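Quick notes on the structure that follows.
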Amino acid sequence: MRYSALIDRAMGEGADAWIVHLEARAARDRGEDVLLLSIGDPDLDTPAEVVERAILGLRAGDTHYTPAAGRPELRAAIAALHCARTGQAVGASEVLATAGAQNALFVAALCIAGPGDELIALEPLYTTYPGTLGISGATLVRTPAPAARGFRPDLAALAAAITPRTRAIVYASPNNPCGVVLDERELAAIAALARRHDLWVVADEVYAALAPGARVPGLAAELPERVLTLGSLSKSHAMAGWRAGWLVGPDELVAKAEALSVCMLFGLPGFVQQAAIAALGLADAPAARVRSYLAERRALMLECLAQIPAIVVHAPAVGMFMLLDVRATGLSGREFTRALYDAERVAVVDGGAFGRETAGCVRACFATEPDEIRAGCARIARFCAGLARRGIRSAATGS
Ligand SMILES: Cc1ncc(COP(=O)(O)O)c(C=O)c1O
């Protein structure tokens with residue numbers, strides 16, 4: 001049978017990043033001894049009040065269709081949160097409730113770009129970006145973040161990448177996988193380019209609440225007419241499976257996005273929306289819990305990895321991932337990921353899935369049980385020691 005060009009784009013770059021993770025997950029489900037340092041979904045429960053609110057909704061029959069853009073109370077609650085985080089005063093009409101930030105990225109791409117256009121995304125970029133942005137038909141243009149500069153964006157390369165076809169600059173800050181938060185100077189450069197070339201700015205701030213003070217520098221308040229902010233409760237409230245997220249942007253764009261949402265989603269479940277309102281009503285407490293959980297585990301993983309001479313660790317400013325530079329082992333991130341899993345049954349993610357500059361790295365998530373972190377790092381150490389022994393032997397025998 002024939003398939004659309006669109007679905008080929010969705011299955012393109014980035015789509016195979018999860019192969020080792022999926023194998024590991026399936027093995028663990030079969031009861032095998034496997035350690036997962038691969039996925040960014042903290043092993044924390046959603047706050048009990050939020051769960052109770054969803055159950056209440058279900059019991060009360062909140063099981064019908066809902067407005068495609070989200071219930072007005074939810075949109076207003078998101079608007080209030082966005083205002084507190086970014087300083088941009090917005091109302092409910094500037095908010096679209098989406099099935100997670102992932103869905104908001106999809107909506108943004110389809111609203112602002114199409115075939116013949118270009119979307120510039122700052123590397124390293126989250127693995128779903130190529131597929132999601134590519135689905136619009138636009139060409140994805142990646143700009144580097146050199147490892148030697150701590151994965152901060154190359155602003156000259158960004159400026160040089162802009163053409164008359166460019167529609168938007170897309171970035172995640174805090175970044176996944178490297179945890180870099182764009183600073184005022186970098187944002188000012190992006191703002192100047194966006195103004196000069198009349199571009200949209202798509203700011204994925206899904207990790208913003210994990211930053212100290214629950215906010216990161218951004219451009220929403222300065223460029224309200226052209227910034228689309230993506231967010232969700234997945235990371236801040238340990239609610240990844242609820243699929244509660246949003247897009248905030250100019251009301252004209254949100255009205256168009258609502259039409260797309262009618263075709264695509266037809267409204268989030270009412271009990272999820274009520275639970276999301278309850279979650280937002282808890283103010284910063286859930287995110288503060290996640291921040292202190294992550295701070296503890298980040299310190300533990302750093303301590304464990306410090307024992308491994310072959311690995312250079314890039315610890316994140318914000319987030320739940322470490323990038324481990326494994327080039328000294330002689331393996332690429334991709335080779336290391338596969339060989340580590342085959343030898344030690346530890347799943348990490350190939351850094352090459354996020355961009356060229358991270359191809360010599362693997363991504364390890366520390367949002368998991370301390371014992372899993374300790375055991376995972378011990379197995380990584382054993383794996384690296386094995387590689388080193390073999391390297392010494394092959395050097396000695398000339399093979
Ligand atoms: C940078 C980035 N954006 C978006 C998402 C998707 O988040 P959500 O669960 O809100 O769809 C993720 C998930 O890990 C992410 O890392």
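Convention: chains lettered A, B, ... in structure tokens order; per-chain residue numbering from 1; ligands numbered from 1 as shown.
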
Check which residues of chain A sit at most 10 Å from ligand 1 using only C-alpha atoms and all ligand atoms, and return one row each with the closest pair of atoms and their distance in Å to one decimal, ordered by chain and rising number, as JSON lines.
```
{"residue": "A:Ile39", "atom": "CA", "partner": "ligand 1", "partner_atom_place_in_ligand_line": "14 (O)", "distance": 7.8}
{"residue": "A:Gly40", "atom": "CA", "partner": "ligand 1", "partner_atom_place_in_ligand_line": "14 (O)", "distance": 5.8}
{"residue": "A:Asp41", "atom": "CA", "partner": "ligand 1", "partner_atom_place_in_ligand_line": "14 (O)", "distance": 7.6}
{"residue": "A:Thr98", "atom": "CA", "partner": "ligand 1", "partner_atom_place_in_ligand_line": "11 (O)", "distance": 8.8}
{"residue": "A:Ala99", "atom": "CA", "partner": "ligand 1", "partner_atom_place_in_ligand_line": "11 (O)", "distance": 6.7}
{"residue": "A:Gly100", "atom": "CA", "partner": "ligand 1", "partner_atom_place_in_ligand_line": "11 (O)", "distance": 3.6}
{"residue": "A:Ala101", "atom": "CA", "partner": "ligand 1", "partner_atom_place_in_ligand_line": "10 (O)", "distance": 3.6}
{"residue": "A:Gln102", "atom": "CA", "partner": "ligand 1", "partner_atom_place_in_ligand_line": "11 (O)", "distance": 3.7}
{"residue": "A:Asn103", "atom": "CA", "partner": "ligand 1", "partner_atom_place_in_ligand_line": "11 (O)", "distance": 6.2}
{"residue": "A:Ala104", "atom": "CA", "partner": "ligand 1", "partner_atom_place_in_ligand_line": "11 (O)", "distance": 7.7}
{"residue": "A:Leu105", "atom": "CA", "partner": "ligand 1", "partner_atom_place_in_ligand_line": "4 (C)", "distance": 7.5}
{"residue": "A:Pro124", "atom": "CA", "partner": "ligand 1", "partner_atom_place_in_ligand_line": "1 (C)", "distance": 9.9}
{"residue": "A:Leu125", "atom": "CA", "partner": "ligand 1", "partner_atom_place_in_ligand_line": "1 (C)", "distance": 7.3}
{"residue": "A:Tyr126", "atom": "CA", "partner": "ligand 1", "partner_atom_place_in_ligand_line": "1 (C)", "distance": 5.2}
{"residue": "A:Thr127", "atom": "CA", "partner": "ligand 1", "partner_atom_place_in_ligand_line": "16 (O)", "distance": 8.2}
{"residue": "A:Thr128", "atom": "CA", "partner": "ligand 1", "partner_atom_place_in_ligand_line": "4 (C)", "distance": 8.0}
{"residue": "A:Tyr129", "atom": "CA", "partner": "ligand 1", "partner_atom_place_in_ligand_line": "3 (N)", "distance": 8.3}
{"residue": "A:Tyr171", "atom": "CA", "partner": "ligand 1", "partner_atom_place_in_ligand_line": "1 (C)", "distance": 8.3}
{"residue": "A:Ala172", "atom": "CA", "partner": "ligand 1", "partner_atom_place_in_ligand_line": "1 (C)", "distance": 5.4}
{"residue": "A:Ser173", "atom": "CA", "partner": "ligand 1", "partner_atom_place_in_ligand_line": "1 (C)", "distance": 7.7}
{"residue": "A:Pro174", "atom": "CA", "partner": "ligand 1", "partner_atom_place_in_ligand_line": "1 (C)", "distance": 7.7}
{"residue": "A:Asn175", "atom": "CA", "partner": "ligand 1", "partner_atom_place_in_ligand_line": "1 (C)", "distance": 6.0}
{"residue": "A:Asn176", "atom": "CA", "partner": "ligand 1", "partner_atom_place_in_ligand_line": "1 (C)", "distance": 4.9}
{"residue": "A:Pro177", "atom": "CA", "partner": "ligand 1", "partner_atom_place_in_ligand_line": "16 (O)", "distance": 7.4}
{"residue": "A:Gly179", "atom": "CA", "partner": "ligand 1", "partner_atom_place_in_ligand_line": "1 (C)", "distance": 9.6}
{"residue": "A:Ala203", "atom": "CA", "partner": "ligand 1", "partner_atom_place_in_ligand_line": "3 (N)", "distance": 9.6}
{"residue": "A:Asp204", "atom": "CA", "partner": "ligand 1", "partner_atom_place_in_ligand_line": "3 (N)", "distance": 5.9}
{"residue": "A:Glu205", "atom": "CA", "partner": "ligand 1", "partner_atom_place_in_ligand_line": "3 (N)", "distance": 7.4}
{"residue": "A:Val206", "atom": "CA", "partner": "ligand 1", "partner_atom_place_in_ligand_line": "3 (N)", "distance": 5.7}
{"residue": "A:Tyr207", "atom": "CA", "partner": "ligand 1", "partner_atom_place_in_ligand_line": "1 (C)", "distance": 7.3}
{"residue": "A:Leu230", "atom": "CA", "partner": "ligand 1", "partner_atom_place_in_ligand_line": "4 (C)", "distance": 8.0}
{"residue": "A:Gly231", "atom": "CA", "partner": "ligand 1", "partner_atom_place_in_ligand_line": "10 (O)", "distance": 6.3}
{"residue": "A:Ser232", "atom": "CA", "partner": "ligand 1", "partner_atom_place_in_ligand_line": "10 (O)", "distance": 4.5}
{"residue": "A:Leu233", "atom": "CA", "partner": "ligand 1", "partner_atom_place_in_ligand_line": "10 (O)", "distance": 6.5}
{"residue": "A:Ser234", "atom": "CA", "partner": "ligand 1", "partner_atom_place_in_ligand_line": "9 (O)", "distance": 4.8}
{"residue": "A:Lys235", "atom": "CA", "partner": "ligand 1", "partner_atom_place_in_ligand_line": "9 (O)", "distance": 7.1}
{"residue": "A:Ser236", "atom": "CA", "partner": "ligand 1", "partner_atom_place_in_ligand_line": "10 (O)", "distance": 9.7}
{"residue": "A:Ala238", "atom": "CA", "partner": "ligand 1", "partner_atom_place_in_ligand_line": "9 (O)", "distance": 9.7}
{"residue": "A:Met239", "atom": "CA", "partner": "ligand 1", "partner_atom_place_in_ligand_line": "9 (O)", "distance": 7.9}
{"residue": "A:Ala240", "atom": "CA", "partner": "ligand 1", "partner_atom_place_in_ligand_line": "9 (O)", "distance": 4.9}
{"residue": "A:Gly241", "atom": "CA", "partner": "ligand 1", "partner_atom_place_in_ligand_line": "9 (O)", "distance": 7.4}
{"residue": "A:Trp242", "atom": "CA", "partner": "ligand 1", "partner_atom_place_in_ligand_line": "9 (O)", "distance": 8.4}
{"residue": "A:Arg243", "atom": "CA", "partner": "ligand 1", "partner_atom_place_in_ligand_line": "9 (O)", "distance": 6.2}
{"residue": "A:Ala244", "atom": "CA", "partner": "ligand 1", "partner_atom_place_in_ligand_line": "10 (O)", "distance": 6.8}
{"residue": "A:Gly245", "atom": "CA", "partner": "ligand 1", "partner_atom_place_in_ligand_line": "10 (O)", "distance": 5.5}
{"residue": "A:Trp246", "atom": "CA", "partner": "ligand 1", "partner_atom_place_in_ligand_line": "10 (O)", "distance": 8.2}
{"residue": "A:Gly319", "atom": "CA", "partner": "ligand 1", "partner_atom_place_in_ligand_line": "16 (O)", "distance": 9.1}
{"residue": "A:Met320", "atom": "CA", "partner": "ligand 1", "partner_atom_place_in_ligand_line": "16 (O)", "distance": 9.5}
{"residue": "A:Phe321", "atom": "CA", "partner": "ligand 1", "partner_atom_place_in_ligand_line": "16 (O)", "distance": 9.8}
```

Could you write those residues out with N, CA and C atoms, as a tab-separated table (two decimals), in the first residue's frame?
```
chain	number	residue	atom	x	y	z
A	39	ILE	N	14.71	7.43	30.22
A	39	ILE	CA	13.57	8.32	29.95
A	39	ILE	C	13.35	9.33	31.06
A	40	GLY	N	12.91	10.54	30.67
A	40	GLY	CA	12.75	11.65	31.60
A	40	GLY	C	11.37	11.73	32.21
A	41	ASP	N	11.03	10.71	32.95
A	41	ASP	CA	9.72	10.70	33.60
A	41	ASP	C	9.95	10.31	35.06
A	98	THR	N	-3.49	21.89	25.35
A	98	THR	CA	-3.08	20.85	24.41
A	98	THR	C	-2.75	19.55	25.17
A	99	ALA	N	-2.59	18.47	24.41
A	99	ALA	CA	-2.23	17.19	25.02
A	99	ALA	C	-0.72	17.16	25.24
A	100	GLY	N	-0.26	17.93	26.21
A	100	GLY	CA	1.17	18.02	26.49
A	100	GLY	C	1.85	19.06	25.62
A	101	ALA	N	3.10	19.39	25.98
A	101	ALA	CA	3.87	20.34	25.19
A	101	ALA	C	4.19	19.75	23.82
A	102	GLN	N	4.27	18.43	23.76
A	102	GLN	CA	4.53	17.76	22.48
A	102	GLN	C	3.44	18.13	21.46
A	103	ASN	N	2.21	18.07	21.90
A	103	ASN	CA	1.08	18.41	21.03
A	103	ASN	C	1.10	19.90	20.70
A	104	ALA	N	1.54	20.72	21.67
A	104	ALA	CA	1.63	22.17	21.42
A	104	ALA	C	2.68	22.47	20.35
A	105	LEU	N	3.78	21.69	20.36
A	105	LEU	CA	4.82	21.88	19.35
A	105	LEU	C	4.27	21.55	17.96
A	124	PRO	N	21.54	21.31	20.91
A	124	PRO	CA	20.94	20.00	20.69
A	124	PRO	C	19.43	20.10	20.80
A	125	LEU	N	18.75	19.25	20.05
A	125	LEU	CA	17.29	19.35	20.09
A	125	LEU	C	16.65	18.03	20.45
A	126	TYR	N	15.53	18.17	21.12
A	126	TYR	CA	14.78	17.01	21.62
A	126	TYR	C	14.39	16.13	20.44
A	127	THR	N	14.41	14.82	20.68
A	127	THR	CA	14.34	13.88	19.57
A	127	THR	C	13.05	13.94	18.75
A	128	THR	N	11.98	14.46	19.32
A	128	THR	CA	10.74	14.51	18.53
A	128	THR	C	10.70	15.73	17.61
A	129	TYR	N	11.63	16.67	17.79
A	129	TYR	CA	11.56	17.89	16.99
A	129	TYR	C	11.64	17.66	15.48
A	171	TYR	N	13.42	26.78	20.02
A	171	TYR	CA	14.41	26.30	20.99
A	171	TYR	C	13.70	25.79	22.24
A	172	ALA	N	14.43	24.97	22.99
A	172	ALA	CA	13.96	24.56	24.31
A	172	ALA	C	14.92	25.16	25.33
A	173	SER	N	14.38	25.89	26.28
A	173	SER	CA	15.19	26.46	27.37
A	173	SER	C	14.35	26.36	28.65
A	174	PRO	N	14.83	25.57	29.60
A	174	PRO	CA	16.01	24.72	29.66
A	174	PRO	C	15.98	23.65	28.57
A	175	ASN	N	17.19	23.29	28.13
A	175	ASN	CA	17.31	22.38	27.01
A	175	ASN	C	17.30	20.91	27.46
A	176	ASN	N	16.72	20.09	26.63
A	176	ASN	CA	16.86	18.65	26.75
A	176	ASN	C	17.63	18.22	25.51
A	177	PRO	N	18.81	17.66	25.60
A	177	PRO	CA	19.38	16.95	26.74
A	177	PRO	C	20.40	17.71	27.58
A	179	GLY	N	20.50	20.67	29.29
A	179	GLY	CA	20.15	21.43	30.49
A	179	GLY	C	20.57	22.89	30.45
A	203	ALA	N	9.21	28.93	21.89
A	203	ALA	CA	10.00	28.72	23.12
A	203	ALA	C	9.39	27.56	23.89
A	204	ASP	N	10.10	26.44	23.87
A	204	ASP	CA	9.65	25.26	24.61
A	204	ASP	C	10.18	25.39	26.04
A	205	GLU	N	9.27	25.67	26.96
A	205	GLU	CA	9.68	25.90	28.35
A	205	GLU	C	9.13	24.81	29.27
A	206	VAL	N	9.13	23.59	28.75
A	206	VAL	CA	8.53	22.50	29.49
A	206	VAL	C	9.29	22.22	30.81
A	207	TYR	N	10.58	22.59	30.85
A	207	TYR	CA	11.37	22.38	32.07
A	207	TYR	C	11.52	23.64	32.92
A	230	LEU	N	5.54	27.15	24.88
A	230	LEU	CA	4.98	25.81	25.09
A	230	LEU	C	5.29	25.36	26.51
A	231	GLY	N	4.31	24.76	27.16
A	231	GLY	CA	4.54	24.28	28.52
A	231	GLY	C	3.64	23.11	28.83
A	232	SER	N	3.84	22.54	30.01
A	232	SER	CA	2.96	21.43	30.43
A	232	SER	C	3.16	21.15	31.92
A	233	LEU	N	2.35	20.24	32.42
A	233	LEU	CA	2.47	19.80	33.81
A	233	LEU	C	3.31	18.54	33.93
A	234	SER	N	3.79	18.03	32.78
A	234	SER	CA	4.47	16.72	32.77
A	234	SER	C	5.64	16.67	33.74
A	235	LYS	N	6.53	17.66	33.66
A	235	LYS	CA	7.76	17.61	34.44
A	235	LYS	C	7.55	18.24	35.82
A	236	SER	N	6.89	19.38	35.86
A	236	SER	CA	6.78	20.13	37.11
A	236	SER	C	5.88	19.43	38.13
A	238	ALA	N	4.92	16.00	37.92
A	238	ALA	CA	4.96	14.54	37.77
A	238	ALA	C	3.66	14.05	37.15
A	239	MET	N	3.30	14.66	36.01
A	239	MET	CA	2.02	14.35	35.37
A	239	MET	C	2.21	14.00	33.88
A	240	ALA	N	3.34	13.36	33.56
A	240	ALA	CA	3.63	13.11	32.15
A	240	ALA	C	2.51	12.32	31.45
A	241	GLY	N	1.94	11.37	32.17
A	241	GLY	CA	0.92	10.53	31.53
A	241	GLY	C	-0.46	11.18	31.40
A	242	TRP	N	-0.63	12.35	31.99
A	242	TRP	CA	-1.94	12.99	31.92
A	242	TRP	C	-2.14	13.73	30.61
A	243	ARG	N	-1.07	14.07	29.98
A	243	ARG	CA	-1.05	14.83	28.73
A	243	ARG	C	-1.78	16.16	28.88
A	244	ALA	N	-1.31	16.94	29.83
A	244	ALA	CA	-1.89	18.26	30.10
A	244	ALA	C	-0.83	19.32	29.81
A	245	GLY	N	-1.02	20.03	28.72
A	245	GLY	CA	-0.05	21.06	28.35
A	245	GLY	C	-0.73	22.25	27.69
A	246	TRP	N	0.10	23.14	27.13
A	246	TRP	CA	-0.48	24.36	26.56
A	246	TRP	C	0.45	25.03	25.58
A	319	GLY	N	17.15	20.53	34.92
A	319	GLY	CA	16.61	19.37	34.22
A	319	GLY	C	16.96	18.08	34.91
A	320	MET	N	16.80	16.99	34.17
A	320	MET	CA	16.93	15.67	34.77
A	320	MET	C	17.91	14.77	34.02
A	321	PHE	N	18.75	15.38	33.18
A	321	PHE	CA	19.65	14.57	32.37
A	321	PHE	C	21.10	15.02	32.51
```

Open item on the list: Among region 63-149 of chain A, which residues does DSSP mark as helix (DSSP H, G or I) when it is run on the backbone? Keep the chain and numbering as in the structure and answer as a PyMOL selection string.
Closed with: chain A and resi 72-86+92-94+100-112+129-134+147-149

Residues of the last selection are to be written out with N, CA and C atoms, as a short mmCIF file (atom, residue, chain, number, x, y, z; two decimals), in the first residue's frame.
```cif
data_model
loop_
_atom_site.label_atom_id
_atom_site.label_comp_id
_atom_site.auth_asym_id
_atom_site.auth_seq_id
_atom_site.Cartn_x
_atom_site.Cartn_y
_atom_site.Cartn_z
N PRO A 72 -12.66 27.38 29.83
CA PRO A 72 -12.22 28.75 30.15
C PRO A 72 -11.46 28.82 31.48
N GLU A 73 -11.89 28.05 32.51
CA GLU A 73 -11.19 28.10 33.81
C GLU A 73 -9.77 27.58 33.69
N LEU A 74 -9.58 26.54 32.87
CA LEU A 74 -8.22 26.01 32.70
C LEU A 74 -7.36 27.01 31.93
N ARG A 75 -7.93 27.57 30.87
CA ARG A 75 -7.15 28.53 30.08
C ARG A 75 -6.78 29.74 30.95
N ALA A 76 -7.70 30.16 31.81
CA ALA A 76 -7.40 31.30 32.69
C ALA A 76 -6.32 30.93 33.69
N ALA A 77 -6.37 29.70 34.22
CA ALA A 77 -5.35 29.29 35.21
C ALA A 77 -3.97 29.20 34.55
N ILE A 78 -3.93 28.72 33.32
CA ILE A 78 -2.65 28.65 32.60
C ILE A 78 -2.15 30.07 32.31
N ALA A 79 -3.08 30.95 31.92
CA ALA A 79 -2.70 32.34 31.65
C ALA A 79 -2.06 32.97 32.88
N ALA A 80 -2.65 32.70 34.05
CA ALA A 80 -2.11 33.28 35.30
C ALA A 80 -0.71 32.73 35.58
N LEU A 81 -0.53 31.43 35.38
CA LEU A 81 0.79 30.82 35.60
C LEU A 81 1.82 31.42 34.63
N HIS A 82 1.41 31.52 33.38
CA HIS A 82 2.33 32.05 32.35
C HIS A 82 2.74 33.48 32.70
N CYS A 83 1.78 34.25 33.16
CA CYS A 83 2.07 35.65 33.54
C CYS A 83 3.07 35.69 34.69
N ALA A 84 2.85 34.84 35.69
CA ALA A 84 3.75 34.81 36.84
C ALA A 84 5.16 34.38 36.42
N ARG A 85 5.24 33.45 35.47
CA ARG A 85 6.56 32.93 35.06
C ARG A 85 7.31 33.86 34.12
N THR A 86 6.56 34.52 33.23
CA THR A 86 7.24 35.25 32.15
C THR A 86 7.10 36.76 32.24
N ALA A 92 -7.23 34.32 28.85
CA ALA A 92 -7.58 32.97 28.42
C ALA A 92 -7.56 32.83 26.90
N SER A 93 -7.89 33.91 26.19
CA SER A 93 -7.97 33.80 24.72
C SER A 93 -6.59 33.63 24.08
N GLU A 94 -5.55 33.83 24.86
CA GLU A 94 -4.19 33.64 24.33
C GLU A 94 -3.60 32.28 24.71
N GLY A 100 -0.26 17.93 26.21
CA GLY A 100 1.17 18.02 26.49
C GLY A 100 1.85 19.06 25.62
N ALA A 101 3.10 19.39 25.98
CA ALA A 101 3.87 20.34 25.19
C ALA A 101 4.19 19.75 23.82
N GLN A 102 4.27 18.43 23.76
CA GLN A 102 4.53 17.76 22.48
C GLN A 102 3.44 18.13 21.46
N ASN A 103 2.21 18.07 21.90
CA ASN A 103 1.08 18.41 21.03
C ASN A 103 1.10 19.90 20.70
N ALA A 104 1.54 20.72 21.67
CA ALA A 104 1.63 22.17 21.42
C ALA A 104 2.68 22.47 20.35
N LEU A 105 3.78 21.69 20.36
CA LEU A 105 4.82 21.88 19.35
C LEU A 105 4.27 21.55 17.96
N PHE A 106 3.51 20.49 17.90
CA PHE A 106 2.87 20.06 16.64
C PHE A 106 1.94 21.16 16.13
N VAL A 107 1.12 21.69 17.04
CA VAL A 107 0.18 22.76 16.69
C VAL A 107 0.95 23.98 16.19
N ALA A 108 1.99 24.35 16.92
CA ALA A 108 2.77 25.53 16.54
C ALA A 108 3.34 25.36 15.14
N ALA A 109 3.94 24.18 14.90
CA ALA A 109 4.58 23.95 13.60
C ALA A 109 3.55 24.07 12.48
N LEU A 110 2.38 23.46 12.67
CA LEU A 110 1.39 23.47 11.60
C LEU A 110 0.76 24.85 11.39
N CYS A 111 0.76 25.66 12.45
CA CYS A 111 0.16 27.00 12.32
C CYS A 111 1.10 27.99 11.63
N ILE A 112 2.41 27.75 11.71
CA ILE A 112 3.32 28.82 11.25
C ILE A 112 4.17 28.44 10.05
N TYR A 129 11.63 16.67 17.79
CA TYR A 129 11.56 17.89 16.99
C TYR A 129 11.64 17.66 15.48
N PRO A 130 12.61 16.83 15.00
CA PRO A 130 12.68 16.68 13.54
C PRO A 130 11.37 16.17 12.96
N GLY A 131 10.78 15.16 13.58
CA GLY A 131 9.52 14.62 13.07
C GLY A 131 8.39 15.64 13.19
N THR A 132 8.29 16.26 14.35
CA THR A 132 7.16 17.15 14.60
C THR A 132 7.23 18.40 13.73
N LEU A 133 8.40 18.99 13.65
CA LEU A 133 8.53 20.20 12.82
C LEU A 133 8.45 19.82 11.35
N GLY A 134 9.02 18.64 11.02
CA GLY A 134 9.03 18.20 9.62
C GLY A 134 7.65 17.88 9.09
N ALA A 147 30.15 21.62 21.61
CA ALA A 147 30.46 20.96 22.88
C ALA A 147 31.52 21.76 23.64
N ALA A 148 32.50 22.28 22.87
CA ALA A 148 33.61 23.00 23.50
C ALA A 148 33.12 24.26 24.21
N ARG A 149 31.93 24.74 23.84
CA ARG A 149 31.38 25.93 24.52
C ARG A 149 30.22 25.55 25.43
#
```

### Message
Quick check for you: according to DSSP on this backbone, which residues of region 135-343 of chain A are classed as strand (DSSP E or B)? Reply as a VMD selection string.
### Response
chain A and resid 139 to 143 166 to 172 200 to 204 227 to 232 245 to 248 312 to 314 321 to 325

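Shortest separation to Pro269 (chain A) among A:Val362, A:Ala17, A:Ala89, A:Ala69 occurs at residue A:Ala69, atoms counted being only C-alpha atoms.
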
Interatomic distance between CA of Cys365 (chain A) and CA of Leu37 (chain A)?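 Between CA of Cys365 (chain A) and CA of Leu37 (chain A) the gap works out to 4.8 Å.
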
Contacts of Phe271 (chain A) at 12 Å or less, counting only C-alpha atoms, minus same-chain residues fewer than 3 places along, as a compact mmCIF listing (two decimals) with N, CA, C and O atoms, in the first residue's frame?
```
# COMPACT_ATOMS: atom_id res chain seq x y z
N VAL A 50 -4.58 16.00 43.09
CA VAL A 50 -4.83 16.07 41.65
C VAL A 50 -5.52 14.77 41.19
O VAL A 50 -6.51 14.80 40.45
N VAL A 51 -5.00 13.66 41.69
CA VAL A 51 -5.59 12.36 41.35
C VAL A 51 -7.04 12.32 41.84
O VAL A 51 -7.96 11.92 41.11
N GLU A 52 -7.24 12.78 43.09
CA GLU A 52 -8.60 12.76 43.67
C GLU A 52 -9.55 13.60 42.83
O GLU A 52 -10.71 13.23 42.62
N ARG A 53 -9.06 14.73 42.34
CA ARG A 53 -9.94 15.62 41.56
C ARG A 53 -10.37 14.94 40.26
O ARG A 53 -11.52 15.07 39.83
N ALA A 54 -9.46 14.20 39.65
CA ALA A 54 -9.81 13.47 38.42
C ALA A 54 -10.85 12.39 38.72
O ALA A 54 -11.83 12.22 37.98
N ILE A 55 -10.64 11.68 39.83
CA ILE A 55 -11.58 10.60 40.19
C ILE A 55 -12.96 11.18 40.46
O ILE A 55 -13.99 10.66 40.00
N LEU A 56 -12.96 12.32 41.18
CA LEU A 56 -14.23 12.99 41.46
C LEU A 56 -14.94 13.33 40.14
O LEU A 56 -16.14 13.10 39.99
N GLY A 57 -14.18 13.87 39.21
CA GLY A 57 -14.76 14.24 37.92
C GLY A 57 -15.35 13.03 37.21
O GLY A 57 -16.47 13.07 36.69
N LEU A 58 -14.58 11.95 37.21
CA LEU A 58 -15.07 10.73 36.54
C LEU A 58 -16.36 10.24 37.20
O LEU A 58 -17.34 9.89 36.52
N ARG A 59 -16.35 10.23 38.55
CA ARG A 59 -17.55 9.74 39.26
C ARG A 59 -18.75 10.65 39.02
O ARG A 59 -19.89 10.20 38.99
N ALA A 60 -18.46 11.96 38.84
CA ALA A 60 -19.57 12.90 38.65
C ALA A 60 -20.01 12.97 37.19
O ALA A 60 -20.85 13.79 36.82
N GLY A 61 -19.42 12.13 36.35
CA GLY A 61 -19.87 12.07 34.96
C GLY A 61 -19.22 13.10 34.04
O GLY A 61 -19.78 13.45 33.00
N ASP A 62 -18.02 13.55 34.43
CA ASP A 62 -17.32 14.52 33.56
C ASP A 62 -16.61 13.74 32.46
O ASP A 62 -15.38 13.69 32.37
N THR A 63 -17.41 13.15 31.62
CA THR A 63 -16.88 12.21 30.62
C THR A 63 -17.38 12.58 29.22
O THR A 63 -17.43 11.72 28.33
N HIS A 64 -17.77 13.85 29.06
CA HIS A 64 -18.34 14.26 27.77
C HIS A 64 -17.35 15.11 26.98
O HIS A 64 -16.25 15.39 27.45
N TYR A 65 -17.77 15.53 25.79
CA TYR A 65 -16.92 16.41 25.00
C TYR A 65 -16.67 17.72 25.75
O TYR A 65 -17.51 18.16 26.56
N THR A 66 -15.55 18.33 25.42
CA THR A 66 -15.20 19.62 26.06
C THR A 66 -14.82 20.61 24.96
O THR A 66 -14.56 20.19 23.82
N GLY A 70 -9.96 24.13 25.24
CA GLY A 70 -9.84 23.97 26.70
C GLY A 70 -10.93 24.75 27.40
O GLY A 70 -11.48 25.71 26.86
N ARG A 71 -11.25 24.31 28.61
CA ARG A 71 -12.28 25.01 29.40
C ARG A 71 -11.76 26.40 29.79
O ARG A 71 -10.56 26.54 30.10
N LEU A 74 -9.58 26.54 32.87
CA LEU A 74 -8.22 26.01 32.70
C LEU A 74 -7.36 27.01 31.93
O LEU A 74 -6.22 27.29 32.31
N TRP A 242 -0.63 12.35 31.99
CA TRP A 242 -1.94 12.99 31.92
C TRP A 242 -2.14 13.73 30.61
O TRP A 242 -3.26 14.04 30.23
N ARG A 243 -1.07 14.07 29.98
CA ARG A 243 -1.05 14.83 28.73
C ARG A 243 -1.78 16.16 28.88
O ARG A 243 -2.75 16.48 28.18
N ALA A 244 -1.31 16.94 29.83
CA ALA A 244 -1.89 18.26 30.10
C ALA A 244 -0.83 19.32 29.81
O ALA A 244 0.13 19.46 30.55
N GLY A 267 -10.66 18.48 22.00
CA GLY A 267 -10.80 18.76 23.44
C GLY A 267 -10.15 17.71 24.31
O GLY A 267 -10.29 16.51 24.07
N LEU A 268 -9.44 18.19 25.35
CA LEU A 268 -8.87 17.27 26.33
C LEU A 268 -10.00 16.69 27.19
O LEU A 268 -11.01 17.37 27.41
N GLN A 274 -9.97 19.24 34.77
CA GLN A 274 -10.26 19.61 36.16
C GLN A 274 -9.07 19.28 37.06
O GLN A 274 -8.72 20.03 37.96
N ALA A 275 -8.43 18.14 36.77
CA ALA A 275 -7.24 17.77 37.55
C ALA A 275 -6.13 18.79 37.29
O ALA A 275 -5.39 19.17 38.22
N ALA A 276 -6.01 19.25 36.06
CA ALA A 276 -4.97 20.23 35.73
C ALA A 276 -5.24 21.55 36.46
O ALA A 276 -4.31 22.19 36.97
N ILE A 277 -6.51 21.94 36.55
CA ILE A 277 -6.86 23.17 37.29
C ILE A 277 -6.46 22.99 38.76
O ILE A 277 -5.86 23.88 39.38
N ALA A 278 -6.77 21.80 39.31
CA ALA A 278 -6.39 21.53 40.71
C ALA A 278 -4.87 21.59 40.86
O ALA A 278 -4.34 22.13 41.83
```

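CA of Ala48 (chain A) to CA of Leu282 (chain A) spans 11.2 Å [interatomic distance, one decimal].
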
Phe366 (chain A) proximity check over A:Asp350, A:Asp43, A:Glu258, A:Glu335, using only C-alpha atoms: winner is A:Asp43
